[in-house]
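A.B. asks: Contents of my_file.csv (CSV, C-alpha atoms):
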chain,number,residue,atom,x,y,z
A,210,MET,CA,1.9,19.2,-6.7
A,211,ASN,CA,4.7,21.7,-7.2
A,212,ALA,CA,6.4,24.0,-4.7
A,213,ARG,CA,4.0,26.9,-5.4
A,214,VAL,CA,1.6,25.2,-3.0
A,215,PHE,CA,3.8,26.7,-0.2
A,216,ASP,CA,3.7,30.3,-1.4
A,217,ALA,CA,1.1,31.5,1.1
A,218,LEU,CA,2.8,29.7,4.0
A,219,ALA,CA,6.3,31.0,3.0
A,220,ASP,CA,4.9,34.6,3.0
A,221,LEU,CA,3.5,34.1,6.5
A,222,LEU,CA,6.9,32.8,7.7
A,223,GLY,CA,9.1,35.2,5.8
A,224,ASP,CA,9.5,37.8,8.5
A,225,ASP,CA,10.9,35.3,11.0
A,226,PHE,CA,12.7,32.8,8.9
A,227,GLU,CA,14.8,32.4,5.8
A,228,VAL,CA,12.4,30.2,3.8
A,229,ARG,CA,13.5,28.0,1.0
A,230,VAL,CA,11.0,25.9,-1.0
A,231,PHE,CA,11.9,22.9,-3.1
A,232,ASP,CA,10.3,20.9,-5.9
A,233,LEU,CA,10.7,17.2,-5.7
A,234,PRO,CA,12.6,15.7,-8.7
A,235,GLY,CA,10.6,15.7,-11.8
A,236,HIS,CA,8.1,18.2,-10.4
A,237,GLY,CA,7.6,21.9,-11.1
A,238,GLY,CA,9.8,21.8,-14.2
A,239,ARG,CA,12.7,19.9,-12.6
A,240,ASP,CA,14.1,16.9,-14.4
A,241,ALA,CA,13.4,13.5,-12.9
A,242,LEU,CA,16.4,11.6,-11.5
A,243,VAL,CA,17.8,8.5,-13.2
A,244,GLU,CA,16.5,6.5,-10.3
A,245,ASN,CA,13.4,7.8,-8.5
A,246,THR,CA,13.2,6.2,-5.0
A,247,LEU,CA,12.6,7.5,-1.5
A,248,ARG,CA,16.3,7.5,-0.7
A,249,THR,CA,17.4,9.2,-4.0
A,250,TRP,CA,14.8,11.9,-3.5
A,251,ALA,CA,15.9,12.3,0.2
A,252,ASN,CA,19.6,12.6,-0.9
A,253,ASP,CA,18.6,15.1,-3.6
A,254,LEU,CA,16.8,17.2,-1.0
A,255,ALA,CA,19.6,17.0,1.6
A,256,GLN,CA,22.1,18.4,-0.9
A,257,GLN,CA,20.0,21.5,-1.3
A,258,LEU,CA,19.6,22.2,2.4
A,259,PRO,CA,21.7,24.6,4.5
A,260,GLN,CA,23.4,23.2,7.6
A,261,GLY,CA,21.1,23.3,10.7
A,262,ALA,CA,17.8,23.4,8.7
A,263,THR,CA,14.3,23.0,10.0
A,264,LEU,CA,12.7,20.8,7.4
A,265,LEU,CA,9.0,20.7,6.6
A,266,GLY,CA,7.5,18.0,4.4
A,267,TRP,CA,3.9,17.7,3.3
A,268,SER,CA,2.2,14.4,2.5
A,269,LEU,CA,4.6,12.3,0.3
A,270,GLY,CA,7.1,15.1,1.0
A,271,GLY,CA,6.9,14.2,4.6
A,272,GLN,CA,8.1,10.7,3.9
A,273,VAL,CA,11.0,12.2,1.9
A,274,ALA,CA,11.7,14.5,4.9
A,275,MET,CA,11.7,11.6,7.4
A,276,ARG,CA,14.1,9.7,5.2
A,277,ALA,CA,16.4,12.7,4.9
A,278,ALA,CA,16.2,13.4,8.7
A,279,LEU,CA,17.2,9.8,9.4
A,280,ASP,CA,20.1,9.8,6.9
A,281,TYR,CA,21.4,13.4,7.6
A,282,PRO,CA,20.8,14.0,11.4
A,283,ARG,CA,23.6,16.6,11.6
A,284,LYS,CA,22.3,18.7,8.7
A,285,ILE,CA,18.6,18.7,9.7
A,286,THR,CA,18.1,19.9,13.3
A,287,ARG,CA,14.3,20.1,13.4
A,288,LEU,CA,11.5,18.3,11.5
A,289,ILE,CA,7.9,19.3,10.7
A,290,LEU,CA,5.6,16.7,9.3
A,291,LEU,CA,2.5,18.1,7.7
A,292,ALA,CA,-0.3,15.6,6.9
A,293,SER,CA,2.2,12.8,6.5
A,294,THR,CA,2.4,9.2,7.5
A,295,PRO,CA,5.1,6.5,7.9
A,296,LYS,CA,3.1,4.1,5.6
A,297,PHE,CA,0.5,5.1,3.1
A,298,VAL,CA,-0.9,1.7,2.3
A,299,ALA,CA,-3.1,-0.2,4.7
A,300,THR,CA,-2.1,-3.8,5.6
A,301,GLU,CA,-3.2,-6.3,8.3
A,302,ASP,CA,-0.8,-4.7,10.8
A,303,TRP,CA,-1.5,-1.1,9.7
A,304,GLN,CA,-5.1,0.1,9.4
A,305,ARG,CA,-4.2,3.8,9.2
A,306,GLY,CA,-3.8,4.0,5.5
A,307,MET,CA,-5.3,3.8,2.0
A,308,ALA,CA,-6.4,0.4,0.6
A,309,ALA,CA,-3.8,-0.9,-1.8
A,310,ALA,CA,-6.5,-1.4,-4.5
A,311,ASP,CA,-7.5,2.3,-4.2
A,312,LEU,CA,-3.9,3.4,-4.6
A,313,GLN,CA,-3.5,1.1,-7.7
A,314,ASP,CA,-6.6,2.6,-9.3
A,315,PHE,CA,-5.5,6.1,-8.5
A,316,GLY,CA,-2.1,5.4,-9.9
A,317,ALA,CA,-3.4,4.0,-13.2
A,318,ALA,CA,-5.7,7.0,-13.7
A,319,LEU,CA,-2.9,9.4,-12.7
A,320,LEU,CA,-0.5,8.0,-15.3
A,321,ALA,CA,-3.2,7.9,-18.0
A,322,ASP,CA,-4.5,11.5,-17.5
A,323,PRO,CA,-2.4,13.3,-14.8
A,324,GLN,CA,-4.1,16.7,-14.9
A,325,ALA,CA,-7.7,15.5,-14.8
A,326,THR,CA,-7.0,12.9,-12.1
A,327,LEU,CA,-5.2,15.5,-9.9
A,328,LEU,CA,-8.1,18.0,-10.3
A,329,ARG,CA,-10.6,15.3,-9.1
A,330,PHE,CA,-8.2,14.3,-6.3
A,331,LEU,CA,-8.0,17.9,-5.1
A,332,SER,CA,-11.8,18.1,-5.0
A,333,LEU,CA,-12.0,15.0,-2.8
A,334,GLN,CA,-9.3,16.2,-0.4
A,335,THR,CA,-11.1,19.5,0.3
A,336,ARG,CA,-14.6,18.1,0.6
A,337,GLY,CA,-16.3,19.0,3.9
A,338,MET,CA,-14.1,21.9,4.8
A,339,SER,CA,-15.1,25.5,5.4
A,340,GLY,CA,-14.2,27.6,2.5
A,341,GLN,CA,-13.9,24.5,0.3
A,342,LYS,CA,-14.6,26.3,-3.0
A,343,THR,CA,-12.0,29.0,-2.4
A,344,MET,CA,-9.3,26.5,-1.4
A,345,LEU,CA,-10.1,24.2,-4.3
A,346,GLN,CA,-9.7,27.1,-6.7
A,347,GLN,CA,-6.4,28.0,-5.0
A,348,LEU,CA,-5.1,24.4,-5.3
A,349,ARG,CA,-6.1,24.2,-8.9
A,350,GLN,CA,-4.3,27.5,-9.7
A,351,THR,CA,-1.2,26.2,-7.9
A,352,LEU,CA,-1.3,22.9,-9.8
A,353,LEU,CA,-1.4,24.8,-13.2
A,354,ALA,CA,1.2,27.5,-12.2
A,355,ALA,CA,4.2,25.3,-13.0
A,356,PRO,CA,5.0,22.6,-15.6
A,357,ALA,CA,3.3,19.2,-14.9
A,358,ALA,CA,5.3,16.5,-13.2
A,359,SER,CA,7.1,14.1,-15.6
A,360,SER,CA,5.7,10.6,-16.1
A,361,GLU,CA,9.0,9.2,-14.5
A,362,ALA,CA,8.5,11.3,-11.4
A,363,LEU,CA,4.8,10.3,-11.1
A,364,ALA,CA,5.7,6.6,-11.5
A,365,GLY,CA,8.5,7.0,-8.9
A,366,GLY,CA,6.2,8.8,-6.5
A,367,LEU,CA,3.5,6.1,-6.8
A,368,ALA,CA,6.1,3.4,-6.1
A,369,ILE,CA,7.2,5.3,-3.0
A,370,LEU,CA,3.6,5.6,-1.8
A,371,ARG,CA,3.1,1.9,-2.4
A,372,ASP,CA,6.3,0.5,-0.9
A,373,THR,CA,7.4,2.9,1.9
A,374,ASP,CA,7.2,1.7,5.5
A,375,LEU,CA,9.3,3.8,7.9
A,376,ARG,CA,7.8,2.5,11.1
A,377,ALA,CA,10.7,0.4,12.3
A,378,GLU,CA,13.3,3.2,11.8
A,379,LEU,CA,11.4,6.2,13.1
A,380,PRO,CA,12.1,5.6,16.8
A,381,GLN,CA,15.7,6.4,15.8
A,382,LEU,CA,14.9,10.0,14.8
A,383,THR,CA,16.8,12.3,17.1
A,384,GLN,CA,15.4,15.6,15.9
A,385,PRO,CA,12.6,17.5,17.7
A,386,THR,CA,9.5,17.0,15.5
A,387,LEU,CA,6.3,18.9,15.1
A,388,ILE,CA,3.4,16.9,13.7
A,389,LEU,CA,0.5,18.9,12.1
A,390,HIS,CA,-2.6,17.0,10.9
A,391,GLY,CA,-6.1,17.6,9.8
A,392,ALA,CA,-8.9,15.8,11.5
A,393,LEU,CA,-10.8,15.5,8.2
A,394,ASP,CA,-7.8,14.1,6.2
A,395,THR,CA,-8.9,11.0,4.3
A,396,LEU,CA,-5.6,10.4,2.5
A,397,THR,CA,-3.3,10.4,5.5
A,398,PRO,CA,-5.8,9.7,8.3
A,399,PRO,CA,-5.3,11.5,11.6
A,400,ALA,CA,-4.7,8.1,13.2
A,401,ALA,CA,-1.4,8.1,11.3
A,402,GLY,CA,-0.4,11.4,12.8
A,403,ALA,CA,-1.4,10.2,16.2
A,404,TRP,CA,0.8,7.1,15.7
A,405,LEU,CA,3.8,9.3,14.8
A,406,ALA,CA,3.1,11.4,18.0
A,407,GLU,CA,3.2,8.2,20.1
A,408,THR,CA,6.3,6.8,18.4
A,409,LEU,CA,8.8,9.5,17.8
A,410,PRO,CA,11.0,10.3,20.8
A,411,HIS,CA,10.8,14.2,20.8
A,412,VAL,CA,7.5,15.3,19.4
A,413,GLN,CA,4.8,17.9,19.5
A,414,TYR,CA,1.4,17.1,18.0
A,415,LEU,CA,-1.3,19.5,16.8
A,416,GLU,CA,-4.5,18.5,15.1
A,417,PHE,CA,-6.8,20.9,13.3
A,418,ALA,CA,-10.5,20.0,13.7
A,419,ARG,CA,-11.7,21.6,10.5
A,420,ALA,CA,-8.7,20.8,8.2
A,421,ALA,CA,-8.3,18.0,5.7
A,422,HIS,CA,-5.1,17.2,3.7
A,423,ALA,CA,-3.8,20.8,3.3
A,424,PRO,CA,-3.8,22.6,6.7
A,425,HIS,CA,-1.2,25.1,5.5
A,426,LEU,CA,-3.9,26.4,3.1
A,427,SER,CA,-7.0,26.1,5.1
A,428,HIS,CA,-5.4,27.2,8.4
A,429,GLY,CA,-2.3,29.0,7.2
A,430,LYS,CA,-2.0,31.5,10.1
A,431,GLU,CA,-2.5,28.8,12.7
A,432,VAL,CA,0.1,26.5,11.0
A,433,ALA,CA,2.6,29.4,10.7
A,434,ALA,CA,2.1,30.3,14.4
A,435,ALA,CA,2.6,26.6,15.4
A,436,ILE,CA,5.8,26.5,13.4
A,437,GLY,CA,7.1,29.7,14.9
A,438,ARG,CA,6.5,28.4,18.5
A,439,PHE,CA,8.2,25.1,17.7
A,440,ALA,CA,11.2,26.6,15.9
A,441,HIS,CA,11.9,29.2,18.7
A,442,ASP,CA,11.2,26.8,21.6
Would you encode the structure as structure tokens?
C.D. replies:
Amino acid sequence: MNARVFDALADLLGDDFEVRVFDLPGHGGRDALVENTLRTWANDLAQQLPQGATLLGWSLGGQVAMRAALDYPRKITRLILLASTPKFVATEDWQRGMAAADLQDFGAALLADPQATLLRFLSLQTRGMSGQKTMLQQLRQTLLAAPAASSEALAGGLAILRDTDLRAELPQLTQPTLILHGALDTLTPPAAGAWLAETLPHVQYLEFARAAHAPHLSHGKEVAAAIGRFAHD
């Protein structure tokens, strides 16, 4: 996705915060980096942040945000993880993720036909939610509102999803953290959010019963209110 997916949430937060929204490298018209890894994306993000930022990351962006918070603890003072996970792919010791074969199939389809694959993916991620049709239309409009992600960025993002495992490092996070998750999320299951809530040292956890993978769109006012309480606590 591109940064326009945060337009509605930014509007809701704009009266209380200075909101800055960033595209990942190679997304939304940005050039990809020479090397597209979790750490290089986290470094790129940190360079754009003001000192003392409260940083929100959604999904894959949550992993980038966690990496940045670990590497730049003085610059990032609070962390918000929206529908994210320390490890996307399921393994024997981690059953809270996507099957590796499913990610491989998705990645192959994404690289072959990015737009069609993402449109199908959005439909899956909003299924079962109230107002599903409206939200799906909103997500599709957002996807098409900016230039498509580059093939280098897509390949880099897929590799990050496949390889990232932050579980061992996350207990070192010093920042207060707010975890927001949808109970209907099939991409980053709520069990992953619950694991983060049990593992991180300074955490608040909120689960939305009727939300899937985009609580900031389906429950924007509630998400904004939770962020406001957390940031001003």
A.B. asks: Which residues are near region 433-439 of chain A? Cut-off 8 Å, only C-alpha atoms, ignore same chain within fewer than 2 positions. Put them as a list in words.
C.D. replies: Leu218, Leu221, Leu222, Asp225, Ile289, Leu387, His425, Gly429, Lys430, Glu431, His441 and Asp442 of chain A
A.B. asks: Given the selection you just returned, output its residues as a file containing C-alpha atoms, formatted as a PDB file, in the coordinates of the input.
C.D. replies:
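Produced file again-v7.pdb, reproduced below:
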ATOM      1  CA  LEU A 218       2.800  29.700   4.000  1.00  0.00           C
ATOM      2  CA  LEU A 221       3.500  34.100   6.500  1.00  0.00           C
ATOM      3  CA  LEU A 222       6.900  32.800   7.700  1.00  0.00           C
ATOM      4  CA  ASP A 225      10.900  35.300  11.000  1.00  0.00           C
ATOM      5  CA  ILE A 289       7.900  19.300  10.700  1.00  0.00           C
ATOM      6  CA  LEU A 387       6.300  18.900  15.100  1.00  0.00           C
ATOM      7  CA  HIS A 425      -1.200  25.100   5.500  1.00  0.00           C
ATOM      8  CA  GLY A 429      -2.300  29.000   7.200  1.00  0.00           C
ATOM      9  CA  LYS A 430      -2.000  31.500  10.100  1.00  0.00           C
ATOM     10  CA  GLU A 431      -2.500  28.800  12.700  1.00  0.00           C
ATOM     11  CA  HIS A 441      11.900  29.200  18.700  1.00  0.00           C
ATOM     12  CA  ASP A 442      11.200  26.800  21.600  1.00  0.00           C
TER      13      ASP A 442
END
A.B. asks: Do you know which residues are at most 12 Å from region 346-358 of chain A counting only C-alpha atoms, after dropping those on the same chain fewer than 4 positions away, and could you put them as a ChimeraX atom specification?
C.D. replies: /A:210-217,232-241,319-320,322-335,340-342,362-366,422-423,425-427
A.B. asks: Skip Gly271 (chain A) itself and residues of its chain fewer than 4 positions away, then list as an NGL selection string all residues within 7 Å of it, counting only C-alpha atoms.
C.D. replies: :A and (266-267 or 275 or 290-291 or 293)
A.B. asks: Write to file, as a compact mmCIF listing (two decimals), keeping the file's coordinate frame, the residues of the selection just made, with C-alpha atoms.
C.D. replies:
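Saved the output as result.txt:
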# COMPACT_ATOMS: atom_id res chain seq x y z
CA GLY A 266 7.50 18.00 4.40
CA TRP A 267 3.90 17.70 3.30
CA MET A 275 11.70 11.60 7.40
CA LEU A 290 5.60 16.70 9.30
CA LEU A 291 2.50 18.10 7.70
CA SER A 293 2.20 12.80 6.50
A.B. asks: Name all residues at most 6 Å from Glu416 (chain A) (count all atoms listed in the file; drop same-chain ones fewer than 6 positions away) and give them as number ranges by chain.
C.D. replies: A: 389-391
A.B. asks: Quick one: pull the distance between CA of Ala251 (chain A) and CA of Asp280 (chain A), Å, one decimal.
C.D. replies: 8.3 Å
A.B. asks: Using all atoms listed in the file, which of A:Leu269, A:Met344, A:Leu254, A:Leu279 sits nearest Asp372 (chain A)?
C.D. replies: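 Among the listed residues, A:Leu269 lies closest to Asp372 (chain A).
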A.B. asks: Would it be fine to have region 278-321 of chain A, with N, CA and C atoms, given as a compact mmCIF listing (two decimals), in the first residue's frame?
C.D. replies:
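File produced: result.txt:
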# COMPACT_ATOMS: atom_id res chain seq x y z
N ALA A 278 12.55 1.34 16.29
CA ALA A 278 12.48 1.63 17.73
C ALA A 278 13.61 0.94 18.49
N LEU A 279 13.97 -0.27 18.06
CA LEU A 279 15.09 -0.96 18.70
C LEU A 279 16.41 -0.25 18.41
N ASP A 280 16.57 0.24 17.20
CA ASP A 280 17.84 0.83 16.79
C ASP A 280 17.98 2.30 17.14
N TYR A 281 16.85 3.00 17.34
CA TYR A 281 16.88 4.45 17.61
C TYR A 281 16.02 4.78 18.82
N PRO A 282 16.35 4.24 19.99
CA PRO A 282 15.48 4.42 21.16
C PRO A 282 15.39 5.86 21.65
N ARG A 283 16.39 6.68 21.36
CA ARG A 283 16.34 8.07 21.81
C ARG A 283 15.49 8.95 20.89
N LYS A 284 15.36 8.53 19.65
CA LYS A 284 14.60 9.32 18.69
C LYS A 284 13.11 8.98 18.74
N ILE A 285 12.79 7.72 18.99
CA ILE A 285 11.40 7.25 19.02
C ILE A 285 11.02 7.02 20.48
N THR A 286 10.10 7.81 20.99
CA THR A 286 9.78 7.75 22.40
C THR A 286 8.56 6.89 22.71
N ARG A 287 7.67 6.71 21.73
CA ARG A 287 6.50 5.85 21.89
C ARG A 287 6.27 5.09 20.59
N LEU A 288 5.68 3.90 20.72
CA LEU A 288 5.50 3.03 19.57
C LEU A 288 4.06 2.54 19.53
N ILE A 289 3.46 2.56 18.34
CA ILE A 289 2.10 2.05 18.14
C ILE A 289 2.17 1.01 17.03
N LEU A 290 1.73 -0.21 17.35
CA LEU A 290 1.77 -1.32 16.40
C LEU A 290 0.34 -1.67 16.00
N LEU A 291 0.02 -1.45 14.75
CA LEU A 291 -1.32 -1.64 14.24
C LEU A 291 -1.34 -2.88 13.35
N ALA A 292 -2.03 -3.93 13.81
CA ALA A 292 -2.14 -5.17 13.03
C ALA A 292 -0.78 -5.66 12.58
N SER A 293 0.14 -5.77 13.52
CA SER A 293 1.49 -6.20 13.17
C SER A 293 1.86 -7.46 13.95
N THR A 294 3.08 -7.94 13.72
CA THR A 294 3.52 -9.21 14.28
C THR A 294 5.04 -9.24 14.30
N PRO A 295 5.64 -9.95 15.22
CA PRO A 295 7.10 -10.08 15.20
C PRO A 295 7.60 -11.03 14.13
N LYS A 296 6.69 -11.88 13.59
CA LYS A 296 7.11 -12.92 12.64
C LYS A 296 5.89 -13.32 11.81
N PHE A 297 5.94 -13.05 10.52
CA PHE A 297 4.78 -13.31 9.67
C PHE A 297 4.59 -14.79 9.37
N VAL A 298 5.67 -15.51 9.21
CA VAL A 298 5.58 -16.88 8.72
C VAL A 298 5.51 -17.87 9.88
N ALA A 299 4.60 -18.81 9.78
CA ALA A 299 4.45 -19.84 10.81
C ALA A 299 5.59 -20.85 10.72
N THR A 300 6.05 -21.30 11.89
CA THR A 300 7.05 -22.37 11.99
C THR A 300 6.62 -23.28 13.14
N GLU A 301 7.41 -24.30 13.40
CA GLU A 301 7.05 -25.23 14.48
C GLU A 301 6.91 -24.52 15.82
N ASP A 302 7.75 -23.53 16.06
CA ASP A 302 7.70 -22.83 17.34
C ASP A 302 6.93 -21.52 17.27
N TRP A 303 6.22 -21.31 16.17
CA TRP A 303 5.42 -20.08 16.02
C TRP A 303 4.22 -20.39 15.13
N GLN A 304 3.07 -20.62 15.77
CA GLN A 304 1.86 -20.99 15.05
C GLN A 304 0.92 -19.80 14.83
N ARG A 305 1.43 -18.59 15.04
CA ARG A 305 0.60 -17.38 14.96
C ARG A 305 0.83 -16.63 13.66
N GLY A 306 1.14 -17.36 12.58
CA GLY A 306 1.47 -16.69 11.34
C GLY A 306 0.91 -17.40 10.12
N MET A 307 1.34 -16.93 8.95
CA MET A 307 0.90 -17.46 7.67
C MET A 307 1.78 -18.65 7.28
N ALA A 308 1.20 -19.65 6.65
CA ALA A 308 1.98 -20.77 6.16
C ALA A 308 2.98 -20.29 5.12
N ALA A 309 4.21 -20.81 5.18
CA ALA A 309 5.26 -20.38 4.26
C ALA A 309 4.85 -20.60 2.81
N ALA A 310 4.16 -21.69 2.52
CA ALA A 310 3.73 -21.97 1.15
C ALA A 310 2.73 -20.93 0.66
N ASP A 311 1.85 -20.47 1.56
CA ASP A 311 0.87 -19.45 1.17
C ASP A 311 1.56 -18.14 0.85
N LEU A 312 2.57 -17.77 1.65
CA LEU A 312 3.31 -16.54 1.37
C LEU A 312 4.07 -16.67 0.05
N GLN A 313 4.63 -17.83 -0.22
CA GLN A 313 5.35 -18.03 -1.47
C GLN A 313 4.42 -17.89 -2.67
N ASP A 314 3.22 -18.47 -2.57
CA ASP A 314 2.25 -18.37 -3.66
C ASP A 314 1.79 -16.92 -3.85
N PHE A 315 1.54 -16.26 -2.74
CA PHE A 315 1.13 -14.86 -2.81
C PHE A 315 2.22 -14.01 -3.44
N GLY A 316 3.48 -14.25 -3.03
CA GLY A 316 4.59 -13.48 -3.57
C GLY A 316 4.76 -13.67 -5.07
N ALA A 317 4.62 -14.89 -5.52
CA ALA A 317 4.75 -15.16 -6.96
C ALA A 317 3.66 -14.43 -7.75
N ALA A 318 2.43 -14.47 -7.23
CA ALA A 318 1.32 -13.79 -7.90
C ALA A 318 1.52 -12.28 -7.87
N LEU A 319 2.03 -11.77 -6.74
CA LEU A 319 2.22 -10.32 -6.58
C LEU A 319 3.25 -9.80 -7.58
N LEU A 320 4.34 -10.51 -7.74
CA LEU A 320 5.37 -10.08 -8.67
C LEU A 320 4.91 -10.21 -10.12
N ALA A 321 4.05 -11.20 -10.40
CA ALA A 321 3.58 -11.41 -11.77
C ALA A 321 2.53 -10.37 -12.17
